[in-house]
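> Have a peek at entry_7.txt (compact mmCIF, C-alpha atoms and all ligand atoms).
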```txt
# COMPACT_ATOMS: atom_id res chain seq x y z
CA MET A 1 -10.44 -31.88 -22.44
CA PRO A 2 -8.89 -29.63 -25.13
CA LEU A 3 -10.67 -28.99 -28.41
CA ASN A 4 -9.80 -31.31 -31.25
CA PRO A 5 -10.73 -29.38 -34.42
CA ARG A 6 -9.11 -31.98 -36.69
CA LEU A 7 -11.41 -34.82 -35.56
CA VAL A 8 -14.47 -32.58 -35.80
CA LYS A 9 -13.56 -31.44 -39.33
CA GLU A 10 -12.72 -34.94 -40.57
CA SER A 11 -15.98 -36.41 -39.36
CA PHE A 12 -17.96 -33.41 -40.58
CA SER A 13 -16.63 -33.89 -44.10
CA ALA A 14 -18.54 -37.20 -44.17
CA VAL A 15 -21.76 -35.26 -43.47
CA GLU A 16 -21.27 -32.24 -45.75
CA PRO A 17 -22.06 -34.04 -49.03
CA VAL A 18 -25.45 -35.11 -47.59
CA ALA A 19 -26.13 -31.81 -45.84
CA ALA A 20 -29.78 -31.54 -46.91
CA LYS A 21 -30.59 -35.05 -45.66
CA ALA A 22 -28.66 -34.46 -42.45
CA ALA A 23 -30.52 -31.19 -41.77
CA GLY A 24 -33.84 -33.01 -42.29
CA TYR A 25 -32.71 -35.76 -39.92
CA PHE A 26 -31.58 -33.20 -37.35
CA TYR A 27 -34.90 -31.34 -37.24
CA GLY A 28 -36.88 -34.58 -37.36
CA ARG A 29 -34.94 -35.85 -34.38
CA LEU A 30 -35.20 -32.56 -32.50
CA PHE A 31 -38.96 -32.24 -32.97
CA THR A 32 -39.67 -35.91 -32.25
CA HIS A 33 -37.80 -35.77 -28.96
CA CYS A 34 -38.84 -32.23 -28.05
CA PRO A 35 -42.17 -31.51 -29.83
CA HIS A 36 -42.61 -28.30 -27.83
CA LEU A 37 -39.66 -26.79 -29.71
CA ARG A 38 -41.51 -26.99 -33.04
CA GLY A 39 -43.47 -23.89 -32.09
CA MET A 40 -40.27 -21.84 -32.04
CA PHE A 41 -39.64 -22.42 -35.75
CA PRO A 42 -41.42 -21.07 -38.83
CA PRO A 43 -44.11 -23.19 -40.49
CA GLY A 44 -41.95 -23.85 -43.57
CA MET A 45 -38.49 -25.19 -42.82
CA GLU A 46 -36.70 -24.95 -46.19
CA VAL A 47 -34.75 -21.76 -45.53
CA GLN A 48 -34.21 -22.76 -41.90
CA ARG A 49 -32.61 -26.08 -42.87
CA ASP A 50 -30.15 -24.40 -45.25
CA ARG A 51 -29.24 -21.87 -42.60
CA LEU A 52 -28.57 -24.53 -40.00
CA PHE A 53 -26.03 -26.32 -42.13
CA THR A 54 -24.35 -23.21 -43.41
CA ALA A 55 -23.94 -22.00 -39.83
CA LEU A 56 -22.63 -25.37 -38.73
CA THR A 57 -20.18 -25.53 -41.62
CA ARG A 58 -18.95 -22.08 -40.77
CA VAL A 59 -18.45 -22.95 -37.11
CA VAL A 60 -16.65 -26.21 -37.92
CA TRP A 61 -14.22 -24.54 -40.33
CA MET A 62 -13.58 -21.69 -37.89
CA LEU A 63 -12.66 -23.99 -34.98
CA ASP A 64 -8.98 -23.21 -35.62
CA SER A 65 -9.46 -19.44 -35.43
CA PRO A 66 -10.92 -18.80 -31.97
CA GLU A 67 -11.25 -15.02 -32.27
CA GLY A 68 -13.37 -15.00 -35.42
CA LEU A 69 -15.35 -17.95 -34.09
CA GLU A 70 -16.05 -16.28 -30.79
CA SER A 71 -17.37 -13.07 -32.32
CA TYR A 72 -19.50 -15.01 -34.81
CA LEU A 73 -21.00 -17.22 -32.09
CA ALA A 74 -21.53 -14.29 -29.73
CA GLN A 75 -23.47 -12.42 -32.43
CA LEU A 76 -25.51 -15.56 -33.12
CA GLY A 77 -26.23 -15.97 -29.39
CA ARG A 78 -27.36 -12.36 -28.99
CA ASP A 79 -29.56 -12.62 -32.07
CA HIS A 80 -31.12 -15.91 -30.90
CA ARG A 81 -32.67 -14.09 -27.93
CA LYS A 82 -35.45 -12.95 -30.22
CA TYR A 83 -36.49 -16.59 -30.78
CA GLY A 84 -36.92 -17.05 -27.02
CA VAL A 85 -33.98 -19.49 -26.82
CA SER A 86 -32.94 -20.55 -23.29
CA PRO A 87 -29.92 -22.58 -22.09
CA ASP A 88 -32.13 -25.74 -21.93
CA HIS A 89 -32.75 -25.51 -25.63
CA TYR A 90 -29.03 -25.71 -26.30
CA ARG A 91 -28.95 -29.11 -24.58
CA ALA A 92 -31.76 -30.45 -26.79
CA VAL A 93 -30.13 -29.09 -29.93
CA GLY A 94 -26.75 -30.51 -28.90
CA SER A 95 -28.10 -33.99 -28.44
CA ALA A 96 -29.97 -33.90 -31.80
CA LEU A 97 -26.84 -32.59 -33.49
CA LEU A 98 -24.60 -35.27 -32.04
CA ALA A 99 -27.09 -37.97 -33.02
CA THR A 100 -27.16 -36.56 -36.56
CA ILE A 101 -23.38 -36.44 -37.03
CA ARG A 102 -23.06 -39.92 -35.49
CA HIS A 103 -25.72 -41.25 -37.87
CA PHE A 104 -24.19 -39.82 -41.05
CA ALA A 105 -20.53 -40.42 -40.12
CA ALA A 106 -21.28 -43.91 -38.71
CA GLU A 107 -18.59 -45.62 -40.79
CA ILE A 108 -15.76 -43.66 -39.23
CA TRP A 109 -17.31 -42.94 -35.82
CA THR A 110 -15.11 -43.51 -32.73
CA ASP A 111 -15.26 -42.57 -29.05
CA GLU A 112 -12.61 -39.91 -29.74
CA ILE A 113 -14.78 -38.29 -32.42
CA GLU A 114 -17.77 -38.36 -30.08
CA ALA A 115 -15.69 -36.67 -27.39
CA ALA A 116 -14.38 -34.05 -29.86
CA TRP A 117 -17.93 -33.13 -30.97
CA THR A 118 -19.23 -33.04 -27.41
CA GLU A 119 -16.41 -30.71 -26.40
CA ALA A 120 -16.74 -28.43 -29.45
CA TYR A 121 -20.52 -28.11 -29.07
CA ALA A 122 -20.28 -27.38 -25.34
CA MET A 123 -17.77 -24.62 -26.06
CA ALA A 124 -19.89 -23.10 -28.85
CA ALA A 125 -23.11 -23.25 -26.85
CA GLN A 126 -21.45 -21.63 -23.84
CA ILE A 127 -20.20 -18.69 -25.93
CA MET A 128 -23.73 -18.17 -27.31
CA ILE A 129 -25.38 -18.50 -23.88
CA ASP A 130 -22.89 -16.10 -22.24
CA ALA A 131 -23.23 -13.53 -25.04
CA ALA A 132 -27.03 -13.64 -24.77
CA ALA A 133 -26.90 -13.33 -20.98
CA GLY A 134 -24.49 -10.38 -21.16
CA GLU A 135 -26.59 -8.34 -23.59
CA THR A 136 -28.53 -5.46 -22.09
CA THR A 137 -30.52 -4.24 -25.11
CA PRO A 138 -34.00 -5.72 -25.72
CA ALA A 139 -34.18 -9.11 -27.49
CA TRP A 140 -36.78 -7.55 -29.80
CA TRP A 141 -38.79 -4.36 -30.18
CA LEU A 142 -42.45 -3.78 -30.88
CA ALA A 143 -42.83 -1.16 -33.58
CA GLU A 144 -45.95 0.63 -34.80
CA VAL A 145 -46.36 1.34 -38.50
CA ILE A 146 -46.94 5.10 -38.60
CA ASP A 147 -46.73 5.53 -42.35
CA HIS A 148 -47.06 3.22 -45.33
CA GLU A 149 -46.39 4.70 -48.76
CA PRO A 150 -46.85 2.53 -51.82
CA ARG A 151 -44.18 3.86 -54.22
CA THR A 152 -44.60 1.41 -57.11
CA ARG A 153 -46.82 -1.61 -57.68
CA ASP A 154 -44.40 -3.74 -55.61
CA ILE A 155 -42.41 -1.36 -53.45
CA SER A 156 -43.57 0.41 -50.30
CA VAL A 157 -41.71 2.61 -47.88
CA LEU A 158 -42.77 1.99 -44.29
CA THR A 159 -42.11 4.30 -41.35
CA LEU A 160 -42.01 2.60 -37.95
CA ARG A 161 -41.98 3.87 -34.40
CA PRO A 162 -40.30 1.38 -32.03
CA SER A 163 -41.91 1.22 -28.58
CA GLU A 164 -38.50 1.62 -26.95
CA ARG A 165 -35.45 3.54 -28.12
CA MET A 166 -33.38 1.55 -30.60
CA ASP A 167 -29.76 2.62 -31.06
CA PHE A 168 -28.25 1.75 -34.41
CA VAL A 169 -25.48 2.78 -36.74
CA PRO A 170 -26.43 3.99 -40.25
CA GLY A 171 -26.10 1.14 -42.73
CA GLN A 172 -27.30 -1.53 -40.27
CA TYR A 173 -30.38 -3.70 -40.73
CA VAL A 174 -33.06 -5.19 -38.51
CA THR A 175 -35.00 -8.42 -38.78
CA VAL A 176 -38.76 -8.03 -39.08
CA GLN A 177 -41.64 -10.31 -38.14
CA THR A 178 -45.28 -9.65 -39.04
CA ALA A 179 -48.39 -10.90 -37.23
CA ARG A 180 -49.34 -12.70 -40.44
CA TRP A 181 -46.27 -14.97 -40.35
CA PRO A 182 -45.32 -15.75 -36.75
CA ARG A 183 -41.68 -16.81 -36.28
CA VAL A 184 -40.68 -15.91 -39.84
CA TRP A 185 -38.03 -13.19 -39.74
CA ARG A 186 -36.63 -11.29 -42.71
CA ARG A 187 -33.94 -8.65 -42.81
CA PHE A 188 -34.55 -5.09 -43.99
CA SER A 189 -32.05 -2.28 -43.83
CA ILE A 190 -32.87 0.86 -41.94
CA ALA A 191 -33.09 3.51 -44.64
CA ASN A 192 -32.34 6.54 -42.50
CA ALA A 193 -29.72 7.84 -40.10
CA PRO A 194 -30.88 7.92 -36.43
CA ARG A 195 -33.61 10.54 -35.90
CA LEU A 196 -34.56 12.52 -32.85
CA ASP A 197 -38.05 10.97 -32.89
CA GLY A 198 -36.57 7.45 -33.06
CA THR A 199 -38.51 6.48 -36.21
CA LEU A 200 -37.13 4.07 -38.80
CA ARG A 201 -37.84 3.69 -42.49
CA LEU A 202 -37.79 0.45 -44.46
CA HIS A 203 -37.82 0.02 -48.24
CA VAL A 204 -39.69 -3.17 -49.06
CA ARG A 205 -40.24 -4.87 -52.39
CA ALA A 206 -43.00 -7.53 -52.40
CA VAL A 207 -41.31 -10.53 -53.96
CA PRO A 208 -43.51 -13.27 -55.48
CA GLY A 209 -43.75 -16.02 -52.84
CA GLY A 210 -42.06 -13.74 -50.27
CA TRP A 211 -44.08 -14.12 -47.11
CA VAL A 212 -42.87 -11.18 -45.07
CA SER A 213 -42.26 -8.76 -47.94
CA THR A 214 -45.73 -9.41 -49.38
CA ALA A 215 -47.32 -9.02 -45.93
CA LEU A 216 -45.50 -5.72 -45.44
CA VAL A 217 -46.36 -4.27 -48.84
CA ARG A 218 -49.87 -5.61 -49.41
CA HIS A 219 -51.39 -6.38 -46.01
CA THR A 220 -49.85 -3.93 -43.55
CA ARG A 221 -51.65 -0.76 -42.57
CA ILE A 222 -50.90 2.31 -40.49
CA GLY A 223 -51.39 1.37 -36.83
CA ASP A 224 -50.25 -2.26 -37.27
CA GLN A 225 -47.53 -3.61 -34.99
CA LEU A 226 -44.39 -5.40 -36.14
CA LEU A 227 -41.60 -7.13 -34.24
CA LEU A 228 -38.04 -6.00 -34.88
CA GLY A 229 -34.86 -7.89 -33.97
CA PRO A 230 -31.73 -6.03 -32.80
CA PRO A 231 -29.92 -3.89 -35.40
CA VAL A 232 -26.86 -5.58 -36.88
CA GLY A 233 -24.49 -5.20 -39.79
CA THR A 234 -21.05 -3.86 -40.48
CA MET A 235 -21.61 -1.72 -43.59
CA THR A 236 -21.34 1.45 -41.57
CA PRO A 237 -20.26 5.04 -42.41
CA PRO A 238 -16.71 5.80 -43.54
CA GLU A 239 -14.08 6.92 -41.10
CA SER A 240 -12.07 8.74 -43.78
CA ASP A 241 -12.98 12.03 -45.48
CA ARG A 242 -12.52 10.59 -48.98
CA ASP A 243 -15.08 11.17 -51.69
CA LEU A 244 -17.78 8.51 -51.79
CA LEU A 245 -19.18 6.28 -54.47
CA CYS A 246 -22.48 4.60 -53.56
CA VAL A 247 -23.82 1.96 -55.94
CA ALA A 248 -27.39 0.92 -55.11
CA GLY A 249 -29.33 -1.81 -56.92
CA GLY A 250 -33.11 -1.54 -56.37
CA THR A 251 -34.12 -1.53 -52.70
CA GLY A 252 -30.42 -2.03 -51.89
CA LEU A 253 -30.65 1.78 -51.84
CA ALA A 254 -31.97 1.67 -48.25
CA PRO A 255 -28.74 1.33 -46.22
CA LEU A 256 -26.80 3.58 -48.60
CA LYS A 257 -29.34 6.33 -48.09
CA ALA A 258 -28.80 5.99 -44.33
CA VAL A 259 -25.03 6.28 -44.79
CA ILE A 260 -25.42 9.33 -47.05
CA GLU A 261 -27.81 11.01 -44.58
CA HIS A 262 -25.24 10.43 -41.86
CA VAL A 263 -22.38 11.92 -43.91
CA ILE A 264 -24.50 14.97 -44.75
CA ALA A 265 -25.51 15.44 -41.09
CA SER A 266 -21.89 15.11 -39.94
CA GLY A 267 -21.02 18.39 -41.66
CA ASP A 268 -18.24 16.80 -43.74
CA ARG A 269 -18.21 17.87 -47.37
CA PRO A 270 -17.03 14.91 -49.45
CA ASN A 271 -18.26 14.62 -53.03
CA ILE A 272 -20.80 11.80 -53.12
CA HIS A 273 -21.89 9.99 -56.26
CA LEU A 274 -24.97 7.82 -55.83
CA LEU A 275 -25.64 5.51 -58.79
CA PHE A 276 -29.17 4.19 -58.25
CA GLY A 277 -29.78 1.27 -60.60
CA VAL A 278 -33.18 -0.22 -61.41
CA ARG A 279 -34.57 -2.38 -64.19
CA ARG A 280 -37.31 -0.08 -65.47
CA ALA A 281 -37.83 3.66 -65.10
CA SER A 282 -41.02 2.94 -63.15
CA ASP A 283 -38.84 1.24 -60.46
CA LEU A 284 -37.15 4.54 -59.56
CA TYR A 285 -39.18 4.51 -56.38
CA ASP A 286 -37.32 7.09 -54.31
CA MET A 287 -36.41 9.83 -56.79
CA PRO A 288 -38.36 12.75 -55.28
CA ASP A 289 -36.58 12.27 -51.96
CA LEU A 290 -33.17 11.79 -53.59
CA VAL A 291 -33.65 14.90 -55.70
CA ARG A 292 -34.52 16.85 -52.54
CA MET A 293 -31.34 15.61 -50.86
CA GLU A 294 -29.33 16.54 -53.95
CA ALA A 295 -30.80 20.05 -53.96
CA ALA A 296 -30.01 20.54 -50.26
CA PHE A 297 -26.47 19.19 -50.47
CA PRO A 298 -24.58 20.36 -53.57
CA TRP A 299 -21.80 17.79 -53.08
CA LEU A 300 -24.25 14.95 -53.72
CA ARG A 301 -24.85 13.82 -57.28
CA VAL A 302 -27.64 11.27 -57.85
CA VAL A 303 -27.52 9.32 -61.10
CA PRO A 304 -30.47 7.05 -61.91
CA VAL A 305 -29.41 4.13 -64.09
CA VAL A 306 -31.97 1.95 -65.89
CA SER A 307 -30.97 -1.48 -67.21
CA ASP A 308 -33.96 -3.04 -69.00
CA ASP A 309 -35.91 -0.14 -70.49
CA PRO A 310 -34.66 0.81 -73.98
CA GLY A 311 -37.05 3.78 -74.09
CA TYR A 312 -35.54 5.39 -70.98
CA ASP A 313 -34.22 8.82 -71.71
CA GLY A 314 -31.37 8.94 -69.16
CA MET A 315 -28.36 6.80 -68.22
CA ARG A 316 -28.97 3.23 -69.39
CA GLY A 317 -27.03 0.03 -68.73
CA ARG A 318 -26.08 -2.59 -66.16
CA LEU A 319 -24.75 -1.11 -62.95
CA PRO A 320 -21.31 -2.82 -63.02
CA ASP A 321 -20.75 -1.59 -66.59
CA VAL A 322 -21.91 1.94 -65.82
CA VAL A 323 -19.73 2.12 -62.71
CA GLU A 324 -16.72 1.11 -64.80
CA ARG A 325 -17.26 3.53 -67.65
CA PHE A 326 -18.44 6.48 -65.60
CA HIS A 327 -15.33 7.71 -63.86
CA SER A 328 -12.15 6.56 -62.12
CA TRP A 329 -13.05 5.70 -58.53
CA ALA A 330 -9.54 4.73 -57.41
CA ASP A 331 -9.41 7.47 -54.74
CA HIS A 332 -12.93 6.90 -53.46
CA GLU A 333 -14.49 5.01 -50.59
CA ALA A 334 -17.10 2.75 -52.25
CA TYR A 335 -20.39 1.34 -50.91
CA VAL A 336 -22.21 -1.32 -52.91
CA CYS A 337 -25.61 -2.82 -52.05
CA GLY A 338 -28.33 -4.64 -54.01
CA PRO A 339 -28.85 -8.04 -55.63
CA PRO A 340 -25.90 -10.28 -54.60
CA ALA A 341 -24.77 -10.98 -58.19
CA MET A 342 -24.74 -7.25 -58.97
CA VAL A 343 -22.78 -6.56 -55.79
CA ASP A 344 -20.22 -9.29 -56.54
CA GLU A 345 -19.62 -8.07 -60.06
CA THR A 346 -19.46 -4.39 -59.12
CA VAL A 347 -16.99 -5.12 -56.32
CA ARG A 348 -14.83 -7.15 -58.71
CA ARG A 349 -14.82 -4.38 -61.33
CA LEU A 350 -13.99 -1.74 -58.72
CA GLN A 351 -11.06 -3.80 -57.50
CA LEU A 352 -9.82 -4.28 -61.07
CA SER A 353 -10.00 -0.54 -61.59
CA GLY A 354 -7.76 0.10 -58.59
CA VAL A 355 -10.05 0.54 -55.54
CA PRO A 356 -8.49 -1.49 -52.69
CA LEU A 357 -10.85 -4.02 -51.11
CA ALA A 358 -10.39 -2.31 -47.74
CA ARG A 359 -12.17 0.73 -49.19
CA ILE A 360 -15.09 -1.21 -50.66
CA HIS A 361 -17.96 -1.58 -48.21
CA ARG A 362 -20.57 -4.25 -48.68
CA ASP A 363 -22.56 -6.10 -46.11
CA PRO A 364 -20.92 -9.49 -45.62
CA MET A 365 -24.16 -10.72 -44.04
CA GLN A 366 -25.90 -10.28 -47.36
CA SER A 367 -24.06 -13.25 -48.75
CA ASP A 368 -24.35 -15.16 -45.47
CA PRO A 369 -27.11 -17.75 -45.74
CA THR A 370 -26.95 -18.36 -41.98
CA ALA A 371 -28.66 -15.01 -41.51
CA GLU A 372 -32.31 -14.40 -42.28
CA PRO A 373 -32.72 -13.56 -45.97
CA HIS A 374 -32.21 -9.88 -46.76
CA GLY A 375 -35.53 -8.57 -47.88
CA GLU A 376 -36.72 -11.47 -49.93
CA GLU A 377 -34.65 -11.92 -53.02
CA ARG A 378 -36.10 -12.81 -56.36
CA GLY A 379 -36.00 -16.59 -56.67
CA LEU A 380 -34.87 -17.15 -53.10
CA THR A 381 -38.09 -17.79 -51.29
CA GLY A 382 -39.87 -20.55 -53.22
CA THR A 383 -42.67 -22.43 -51.52
CA ALA A 384 -41.97 -23.87 -48.13
CA ARG A 385 -42.38 -27.60 -47.63
CA ASP A 386 -45.12 -28.61 -45.25
CA VAL A 387 -43.51 -29.52 -41.96
CA ASP A 388 -45.86 -32.39 -41.15
CA GLY A 389 -44.86 -34.18 -44.32
CA PHE A 390 -41.28 -33.51 -43.43
CA LEU A 391 -41.67 -34.98 -39.95
CA ALA A 392 -43.60 -37.96 -41.29
CA GLY A 393 -40.67 -38.60 -43.65
CA PHE A 394 -38.30 -38.56 -40.71
CA GLU A 395 -40.40 -40.85 -38.55
CA SER A 396 -40.79 -43.43 -41.30
CA LYS A 397 -36.99 -43.66 -41.58
CA THR A 398 -36.28 -44.17 -37.90
N1 LIG B 401 -34.82 -3.90 -48.88
C1 LIG B 401 -33.68 -3.76 -48.23
O1 LIG B 401 -33.64 -3.21 -47.14
C2 LIG B 401 -32.40 -4.28 -48.81
C3 LIG B 401 -32.39 -5.07 -49.94
N2 LIG B 401 -31.20 -5.58 -50.38
C4 LIG B 401 -31.15 -6.45 -51.53
O2 LIG B 401 -31.22 -5.61 -52.66
C5 LIG B 401 -31.80 -6.36 -53.73
C6 LIG B 401 -32.84 -5.48 -54.36
O3 LIG B 401 -33.56 -6.18 -55.31
P1 LIG B 401 -34.51 -5.47 -56.36
O4 LIG B 401 -35.02 -4.18 -55.81
O5 LIG B 401 -35.49 -6.52 -56.75
O6 LIG B 401 -33.48 -5.13 -57.53
P2 LIG B 401 -33.59 -5.49 -59.09
O7 LIG B 401 -33.50 -6.95 -59.26
O8 LIG B 401 -34.75 -4.76 -59.63
O9 LIG B 401 -32.23 -4.88 -59.64
C7 LIG B 401 -31.74 -3.61 -59.27
C8 LIG B 401 -30.55 -3.27 -60.11
O10 LIG B 401 -29.57 -4.30 -60.05
C9 LIG B 401 -29.24 -4.73 -61.37
N3 LIG B 401 -28.98 -6.16 -61.39
C10 LIG B 401 -29.81 -7.14 -60.99
N4 LIG B 401 -29.21 -8.34 -61.15
C11 LIG B 401 -27.99 -8.10 -61.67
C12 LIG B 401 -26.89 -8.93 -62.06
N5 LIG B 401 -26.96 -10.25 -61.94
N6 LIG B 401 -25.79 -8.34 -62.56
C13 LIG B 401 -25.72 -6.99 -62.69
N7 LIG B 401 -26.71 -6.16 -62.33
C14 LIG B 401 -27.83 -6.70 -61.82
C15 LIG B 401 -30.45 -4.39 -62.23
O11 LIG B 401 -30.05 -4.24 -63.58
C16 LIG B 401 -30.89 -3.09 -61.60
O12 LIG B 401 -30.08 -2.03 -62.07
C17 LIG B 401 -32.30 -7.67 -53.17
O13 LIG B 401 -31.35 -8.65 -53.48
C18 LIG B 401 -32.30 -7.42 -51.67
O14 LIG B 401 -32.05 -8.58 -50.95
C19 LIG B 401 -30.02 -5.29 -49.77
C20 LIG B 401 -29.98 -4.50 -48.67
C21 LIG B 401 -31.18 -3.91 -48.13
```
As structure tokens, what does this structure read like?

Amino acid sequence: MPLNPRLVKESFSAVEPVAAKAAGYFYGRLFTHCPHLRGMFPPGMEVQRDRLFTALTRVVWMLDSPEGLESYLAQLGRDHRKYGVSPDHYRAVGSALLATIRHFAAEIWTDEIEAAWTEAYAMAAQIMIDAAAGETTPAWWLAEVIDHEPRTRDISVLTLRPSERMDFVPGQYVTVQTARWPRVWRRFSIANAPRLDGTLRLHVRAVPGGWVSTALVRHTRIGDQLLLGPPVGTMTPPESDRDLLCVAGGTGLAPLKAVIEHVIASGDRPNIHLLFGVRRASDLYDMPDLVRMEAAFPWLRVVPVVSDDPGYDGMRGRLPDVVERFHSWADHEAYVCGPPAMVDETVRRLQLSGVPLARIHRDPMQSDPTAEPHGEERGLTGTARDVDGFLAGFESKT
């Protein structure tokens, strides 16, 4: 039977306004019918529930554009290998999903809608299963912490040695799981270009309430093992030889440093401006290394920018304002990474000042809530709801 995106979208619009309830219903149903699957999910389900619905919404609205949908689902399928997902699990999820949509769209439900959802889910699941089966790289890597440098009270730079070779492109990120928080994955960018010894560096800020970031900064020691998911991300080095503007907010510096290292190693000689913005001078956690890079590569200019420290004796201001008043960047290739609001505003200002969007590189995954959170953003983590209470709530309603 052919796909019927219209029926899927129409019925889904009855569920969207009650997305949070529907996600709770879905997981309640899944775990009641298949309790063994609970162990594959993190203890707190808040972030997970948001991600489920955002992913579902994205898939539903992409049903009309098969190419984009296919690459999105294939990436999702490859990434899900690290959770230990098997084809059987897709059946359980499909039946919980159908039950959920049927429950919340009951007033308009018909046999045709049921058939349209069944068809659409089967197609999506098959793309994910095939992509996972066709992938030859490991589903995850074990990595030993070989260095752990506290740089500020909250920020540490970790150096990891994966047990097997991990190929990546500068600017990509990995997901990280610590022994302290099984099944909780968070994204961190790789802060270096590929090295001969295969080691990776991560820049981690311990965010209040951030499980993984706090574990990495405060409770991880040299010799500890971490799990890493496959490297992903599309904010990769430029293909042109234009001059570069890199705008880094806080630990958003990590992937930009990898891109800059790559450009330097390539032997090209573009002028590179790196504006490294932090709130307080004491947050300038990577200056010695950046100054060393600047000294070794005369085409690189590093400009620390401090936003909330009136006593700071250098460039002060908010990054988007400083970017705008500094220079004309119209001929540059621009890279922007950091807190999402800072990235959005900087990208908007750059566009207004004449840099075409095609030459502005940001990581689209950073604003994609279907992916694991990037680092752990201020205000994003919160406390996770206890899953037993959540399941009890579900059972009392059914
Ligand atoms: N650790 C990593 O590997 C990566 C982290 N990130 C993201 O980078 C961010 C880094 O956060 P922090 O180090 O805590 O940075 P922060 O909150 O200390 O801010 C860094 C800079 O961004 C500016 N800024 C913050 N909010 C702004 C806003 N709304 N408008 C304009 N400017 C703003 C600040 O003034 C400062 O100059 C997080 O959102 C994280 O998810 C992104 C990629 C990689």
> Could I get the residues of chain A with an atom no further than 9 Å from an atom of ligand LIG 401 (chain B), each paired with its nearest atom pair and that distance in Å to one decimal, using all atoms listed in the file, sorted by chain and residue number, as a tab-separated table?

```
residue	atom	partner	partner_atom	distance
A:Ile155	CA	B:LIG401	O4	8.3
A:Gly171	CA	B:LIG401	C21	9.0
A:Tyr173	CA	B:LIG401	O1	7.2
A:Val174	CA	B:LIG401	O1	8.9
A:Arg187	CA	B:LIG401	O1	7.0
A:Phe188	CA	B:LIG401	O1	3.8
A:Ser189	CA	B:LIG401	O1	3.8
A:Ile190	CA	B:LIG401	O1	6.6
A:Ala191	CA	B:LIG401	O1	7.2
A:Leu202	CA	B:LIG401	O1	6.1
A:His203	CA	B:LIG401	N1	5.0
A:Val204	CA	B:LIG401	N1	4.9
A:Arg205	CA	B:LIG401	O4	6.3
A:Ala206	CA	B:LIG401	O5	8.7
A:Val207	CA	B:LIG401	O5	7.6
A:Ser213	CA	B:LIG401	N1	8.9
A:Ala248	CA	B:LIG401	C8	7.2
A:Gly249	CA	B:LIG401	C8	3.7
A:Gly250	CA	B:LIG401	O4	3.3
A:Thr251	CA	B:LIG401	O4	4.2
A:Gly252	CA	B:LIG401	O2	3.7
A:Leu253	CA	B:LIG401	C21	6.8
A:Ala254	CA	B:LIG401	O1	5.3
A:Pro255	CA	B:LIG401	C21	6.1
A:Leu256	CA	B:LIG401	C20	8.7
A:Phe276	CA	B:LIG401	O12	7.4
A:Gly277	CA	B:LIG401	O12	3.6
A:Val278	CA	B:LIG401	O12	3.6
A:Arg279	CA	B:LIG401	C16	4.6
A:Arg280	CA	B:LIG401	O8	7.9
A:Asp283	CA	B:LIG401	O8	7.3
A:Val305	CA	B:LIG401	O12	6.5
A:Val306	CA	B:LIG401	O12	5.8
A:Ser307	CA	B:LIG401	O11	4.7
A:Asp308	CA	B:LIG401	O11	6.8
A:Gly317	CA	B:LIG401	O11	7.3
A:Arg318	CA	B:LIG401	O11	5.0
A:Leu319	CA	B:LIG401	N7	5.5
A:Pro320	CA	B:LIG401	C13	6.1
A:Asp321	CA	B:LIG401	C13	8.3
A:Cys337	CA	B:LIG401	C19	5.5
A:Gly338	CA	B:LIG401	O2	3.3
A:Pro339	CA	B:LIG401	O13	3.4
A:Pro340	CA	B:LIG401	O13	5.8
A:Ala341	CA	B:LIG401	N5	4.4
A:Met342	CA	B:LIG401	C13	3.9
A:Val343	CA	B:LIG401	C13	7.5
A:Asp344	CA	B:LIG401	N6	8.3
A:Glu345	CA	B:LIG401	N6	6.7
A:Thr346	CA	B:LIG401	C13	7.7
A:Asp363	CA	B:LIG401	C20	8.0
A:Gln366	CA	B:LIG401	C19	6.9
A:Pro373	CA	B:LIG401	O14	7.1
A:His374	CA	B:LIG401	O14	4.4
A:Gly375	CA	B:LIG401	O14	4.6
A:Glu376	CA	B:LIG401	O14	5.6
A:Glu377	CA	B:LIG401	O13	4.7
A:Arg378	CA	B:LIG401	O5	6.3
```
> I need the residue nearest Thr175 of chain A from this list: A:Glu261, A:Asp79, A:Asp64, A:Glu294. Use only C-alpha atoms for the distance.
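Among the listed residues, the smallest separation from Thr175 of chain A belongs to A:Asp79.
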> Give the answer as one residue: which of A:Gly223, A:Gly24, A:Pro230, A:Pro270 has the shortest atom-to-atom distance to Asp243 of chain A, using all atoms listed in the file?
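Counting all atoms listed in the file, the residue closest to Asp243 of chain A is A:Pro270.
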> Just checking: using only C-alpha atoms, which residue out of A:Leu200, A:Asp331, A:Pro170, A:Arg6 ends up closest to Met235 of chain A?
A:Pro170
> Nearest residue to Ser328 of chain A out of A:Leu245, A:Ala99, A:Met123, A:Ala296, using all atoms listed in the file?
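Nearest to Ser328 of chain A: A:Leu245.
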> Which is closer to Pro43 of chain A than all the others in A:Val217, A:Ala133, A:Leu226, A:Val184, using only C-alpha atoms?
A:Val184
